[in-house]
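Trainee: Here you go, one structure.
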Amino acid sequence: MNSATLCLTEKTVSLQRAYEVAVDENPANEKTSASARKKRAVGKHGYFWAPGRTLRIAFLSGDQAFKDAVKSAANNWLPHINLTFDFVEGETGDIRISSEDGIYWSMIGTNALLVEAEEPTMRLSPEHHLAPALFAANVMHEFGHALGAEHEHLHPESNIPWNKPAVYAAHWVDENADEDDYARRSVDERYFNLLDASDFDYSPYDPKSIMHYAVRQNWTHGNFKIDLNLVLSEKDKAFMEKAYPHSAVQHD
């Protein structure tokens, strides 16, 4: 999300299994037509939890101050979703959070159900003392992933004028590296490979989204830049309100 700590999202090993788990959790995750319910670009199917259900959230590590800061930031989503967060004692939960220096990472939505029970589904760097606003933004971003959202800068309609050689250089990647080179492929997937519009139903591109990376001016052509978004945007809220409507049937 920022120049120091980039968010990483885990790619599930079996897309078929991910689909089965997602649709079993929430039948609305099955891909809909363009004329039906609109969804942000979240995959060939959705990864949303069943509206009305309670998500049990456990901490695998971290001190109490870290846990309190995570809870406070994550709860910013609650007014906009038909879900309940239950931060539980112990290490058993639908979402399991590990405190690890320099890492921001999350499974996407229902893919958390594919993770072994003793393993984390989210990792957060314990920076709440050093930069509370930045930490809160990172937590909201990762919980956006946990609720089923992808990175907004990879939106099919994203119009970022990337200076690719500059981005490659910043990541110590030779701009002439083969497309199959691991380091180049990692940068491409992180910044440049937009989601395919033919595969997704999505809402309009939102440069103010909490799910958007900050974009450095020296990584683009011209004067284009996007500062780090520290709060939920209005489109973030609207997107989640559609994904988790309060009119949905309640689940235990």
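Residue numbers start at 1 in each chain; chains themselves are named A, B, ... in the order of the structure tokens; ligands are numbered from 1 in the order shown.
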Return as a tab-separated table the residues of segment 57-88 of chain A lying at most 9 Å from segment 121-128 of chain A, together with the closest atom-to-atom pair for each and the distance in Å to one decimal, counting only C-alpha atoms, with rows in chain order and ascending residue number.
Mentor:
residue	atom	partner	partner_atom	distance
A:Gly62	CA	A:Pro126	CA	7.6
A:Ala65	CA	A:His128	CA	8.0
A:Phe66	CA	A:Pro126	CA	6.3
A:Ala69	CA	A:His128	CA	6.6
A:Val70	CA	A:His128	CA	8.5
Trainee: Using only N, CA and C atoms, please write the residues we just selected to a file, as an mmCIF file, in the first residue's frame.
Mentor:
data_model
loop_
_atom_site.group_PDB
_atom_site.id
_atom_site.type_symbol
_atom_site.label_atom_id
_atom_site.label_comp_id
_atom_site.auth_asym_id
_atom_site.auth_seq_id
_atom_site.Cartn_x
_atom_site.Cartn_y
_atom_site.Cartn_z
ATOM 1 N N GLY A 62 0.646 -10.989 18.630
ATOM 2 C CA GLY A 62 0.458 -9.553 18.798
ATOM 3 C C GLY A 62 0.044 -9.200 20.210
ATOM 4 N N ALA A 65 -2.232 -3.911 22.614
ATOM 5 C CA ALA A 65 -2.336 -2.632 21.904
ATOM 6 C C ALA A 65 -2.509 -2.864 20.401
ATOM 7 N N PHE A 66 -1.769 -3.825 19.860
ATOM 8 C CA PHE A 66 -1.917 -4.190 18.456
ATOM 9 C C PHE A 66 -3.336 -4.679 18.176
ATOM 10 N N ALA A 69 -5.836 -1.837 18.209
ATOM 11 C CA ALA A 69 -5.713 -0.977 17.034
ATOM 12 C C ALA A 69 -6.317 -1.646 15.803
ATOM 13 N N VAL A 70 -6.131 -2.947 15.676
ATOM 14 C CA VAL A 70 -6.723 -3.686 14.559
ATOM 15 C C VAL A 70 -8.249 -3.642 14.646
#
Trainee: Applying 12 Å and only C-alpha atoms, which residues near Phe48 of chain A remain after dropping the ones on its own chain fewer than 2 positions away? List them as a PyMOL selection string.
Mentor: chain A and resi 18-19+21-31+39-40+42-43+45-46+50-53+55+81-83+107-113+144-150+239-245
Trainee: Selection from above, N, CA and C atoms, as a short mmCIF file (atom, residue, chain, number, x, y, z; two decimals), in the first residue's frame, can you write it?
Mentor:
data_model
loop_
_atom_site.label_atom_id
_atom_site.label_comp_id
_atom_site.auth_asym_id
_atom_site.auth_seq_id
_atom_site.Cartn_x
_atom_site.Cartn_y
_atom_site.Cartn_z
N ALA A 18 -11.75 -23.15 -4.82
CA ALA A 18 -12.12 -21.80 -4.35
C ALA A 18 -13.55 -21.47 -4.76
N TYR A 19 -13.90 -21.86 -5.99
CA TYR A 19 -15.27 -21.62 -6.48
C TYR A 19 -16.28 -22.39 -5.65
N VAL A 21 -16.08 -23.55 -2.59
CA VAL A 21 -16.18 -23.02 -1.23
C VAL A 21 -16.95 -21.71 -1.22
N ALA A 22 -16.66 -20.84 -2.20
CA ALA A 22 -17.31 -19.53 -2.25
C ALA A 22 -18.81 -19.66 -2.48
N VAL A 23 -19.21 -20.52 -3.41
CA VAL A 23 -20.63 -20.66 -3.73
C VAL A 23 -21.37 -21.39 -2.61
N ASP A 24 -20.69 -22.33 -1.95
CA ASP A 24 -21.30 -23.00 -0.80
C ASP A 24 -21.55 -22.02 0.33
N GLU A 25 -20.62 -21.12 0.54
CA GLU A 25 -20.77 -20.08 1.57
C GLU A 25 -21.88 -19.10 1.21
N ASN A 26 -21.91 -18.69 -0.06
CA ASN A 26 -22.84 -17.64 -0.50
C ASN A 26 -23.20 -17.89 -1.97
N PRO A 27 -24.36 -18.45 -2.27
CA PRO A 27 -24.73 -18.77 -3.65
C PRO A 27 -24.65 -17.57 -4.60
N ALA A 28 -24.75 -16.37 -4.06
CA ALA A 28 -24.66 -15.17 -4.91
C ALA A 28 -23.26 -14.98 -5.47
N ASN A 29 -22.28 -15.75 -4.97
CA ASN A 29 -20.92 -15.64 -5.49
C ASN A 29 -20.79 -16.21 -6.90
N GLU A 30 -21.75 -17.02 -7.32
CA GLU A 30 -21.69 -17.53 -8.68
C GLU A 30 -21.78 -16.37 -9.65
N LYS A 31 -20.97 -16.41 -10.69
CA LYS A 31 -20.87 -15.29 -11.63
C LYS A 31 -22.24 -14.90 -12.15
N LYS A 39 -20.81 -6.28 -9.34
CA LYS A 39 -19.78 -6.52 -8.33
C LYS A 39 -18.48 -5.87 -8.78
N ARG A 40 -17.68 -5.46 -7.83
CA ARG A 40 -16.33 -4.99 -8.14
C ARG A 40 -15.56 -6.14 -8.75
N VAL A 42 -13.72 -8.94 -8.74
CA VAL A 42 -13.30 -9.83 -7.66
C VAL A 42 -13.03 -11.24 -8.13
N GLY A 43 -13.08 -11.52 -9.39
CA GLY A 43 -12.80 -12.86 -9.87
C GLY A 43 -13.92 -13.35 -10.76
N HIS A 45 -15.81 -15.51 -10.16
CA HIS A 45 -16.93 -15.63 -9.22
C HIS A 45 -16.61 -14.74 -8.04
N GLY A 46 -17.59 -14.50 -7.19
CA GLY A 46 -17.36 -13.66 -6.02
C GLY A 46 -16.73 -14.44 -4.88
N ALA A 50 -21.46 -14.92 3.39
CA ALA A 50 -22.91 -14.85 3.39
C ALA A 50 -23.37 -13.64 4.19
N PRO A 51 -24.14 -12.74 3.59
CA PRO A 51 -24.64 -11.58 4.34
C PRO A 51 -25.41 -12.03 5.59
N GLY A 52 -25.23 -11.27 6.64
CA GLY A 52 -25.92 -11.56 7.89
C GLY A 52 -25.17 -12.46 8.84
N ARG A 53 -24.07 -13.04 8.39
CA ARG A 53 -23.35 -13.98 9.24
C ARG A 53 -22.34 -13.27 10.15
N LEU A 55 -18.54 -13.18 11.46
CA LEU A 55 -17.18 -13.62 11.18
C LEU A 55 -16.41 -13.65 12.49
N ILE A 81 -21.71 -2.92 6.03
CA ILE A 81 -21.82 -4.34 5.68
C ILE A 81 -22.81 -5.02 6.62
N ASN A 82 -23.52 -5.99 6.08
CA ASN A 82 -24.42 -6.80 6.89
C ASN A 82 -23.66 -8.03 7.38
N LEU A 83 -22.66 -7.76 8.22
CA LEU A 83 -21.86 -8.78 8.88
C LEU A 83 -21.59 -8.32 10.30
N MET A 107 -5.77 -13.28 2.58
CA MET A 107 -6.56 -14.07 1.65
C MET A 107 -7.75 -13.22 1.21
N ILE A 108 -8.27 -13.52 0.01
CA ILE A 108 -9.42 -12.80 -0.51
C ILE A 108 -10.71 -13.49 -0.05
N GLY A 109 -11.49 -12.82 0.77
CA GLY A 109 -12.80 -13.31 1.16
C GLY A 109 -12.83 -14.76 1.59
N THR A 110 -13.71 -15.53 0.94
CA THR A 110 -13.95 -16.92 1.33
C THR A 110 -12.75 -17.83 1.09
N ASN A 111 -11.72 -17.36 0.39
CA ASN A 111 -10.51 -18.17 0.26
C ASN A 111 -9.86 -18.43 1.61
N ALA A 112 -10.21 -17.63 2.62
CA ALA A 112 -9.71 -17.89 3.96
C ALA A 112 -10.12 -19.28 4.45
N LEU A 113 -11.24 -19.78 3.93
CA LEU A 113 -11.71 -21.10 4.34
C LEU A 113 -10.86 -22.23 3.80
N GLY A 144 -10.57 -5.13 3.65
CA GLY A 144 -11.27 -5.08 2.37
C GLY A 144 -11.05 -6.34 1.57
N HIS A 145 -9.78 -6.80 1.54
CA HIS A 145 -9.49 -8.08 0.90
C HIS A 145 -10.25 -9.22 1.60
N ALA A 146 -10.21 -9.23 2.91
CA ALA A 146 -10.87 -10.29 3.66
C ALA A 146 -12.37 -10.32 3.42
N LEU A 147 -12.93 -9.18 3.02
CA LEU A 147 -14.35 -9.10 2.71
C LEU A 147 -14.64 -9.41 1.24
N GLY A 148 -13.60 -9.59 0.43
CA GLY A 148 -13.81 -10.03 -0.94
C GLY A 148 -13.36 -9.09 -2.03
N ALA A 149 -12.72 -7.95 -1.68
CA ALA A 149 -12.31 -6.97 -2.69
C ALA A 149 -10.88 -7.21 -3.15
N GLU A 150 -10.62 -6.91 -4.43
CA GLU A 150 -9.28 -6.98 -5.00
C GLU A 150 -8.66 -5.58 -4.99
N PHE A 239 -19.93 -0.02 -2.51
CA PHE A 239 -19.61 -1.36 -3.02
C PHE A 239 -19.92 -2.43 -1.99
N MET A 240 -19.46 -2.21 -0.75
CA MET A 240 -19.69 -3.21 0.29
C MET A 240 -21.16 -3.27 0.70
N GLU A 241 -21.86 -2.16 0.64
CA GLU A 241 -23.29 -2.17 0.95
C GLU A 241 -24.06 -3.04 -0.05
N LYS A 242 -23.62 -3.07 -1.31
CA LYS A 242 -24.24 -3.93 -2.31
C LYS A 242 -23.83 -5.38 -2.13
N ALA A 243 -22.57 -5.59 -1.75
CA ALA A 243 -22.09 -6.96 -1.55
C ALA A 243 -22.71 -7.61 -0.33
N TYR A 244 -22.98 -6.81 0.70
CA TYR A 244 -23.52 -7.31 1.96
C TYR A 244 -24.77 -6.54 2.34
N PRO A 245 -25.85 -6.71 1.57
CA PRO A 245 -27.07 -5.93 1.81
C PRO A 245 -27.76 -6.32 3.11
#
Trainee: Counting only C-alpha atoms, figure out which residue out of A:His80, A:Arg96, A:His141, A:Arg184 gets nearest to Lys164 of chain A.
Mentor: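 That would be A:Arg184, the residue with the smallest distance to Lys164 of chain A.
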Trainee: For Gly90 of chain A, work out the shell of residues within 12 Å, counting only C-alpha atoms and skipping chain neighbours fewer than 4 positions away, then give it as a PyMOL selection string.
Mentor: chain A and resi 56-61+96-97+118
Trainee: How would you write, as a PyMOL selection string, the set of residues in segment 62-210 of chain A that DSSP gives as strand (DSSP E)?
Mentor: chain A and resi 84-87+95-99+104-106+122-124
Trainee: Taking only C-alpha atoms into account, name the residue in A:Cys7, A:Ile160, A:Ala238, A:Ala73 that is nearest to Ile103 of chain A.
Mentor: A:Cys7
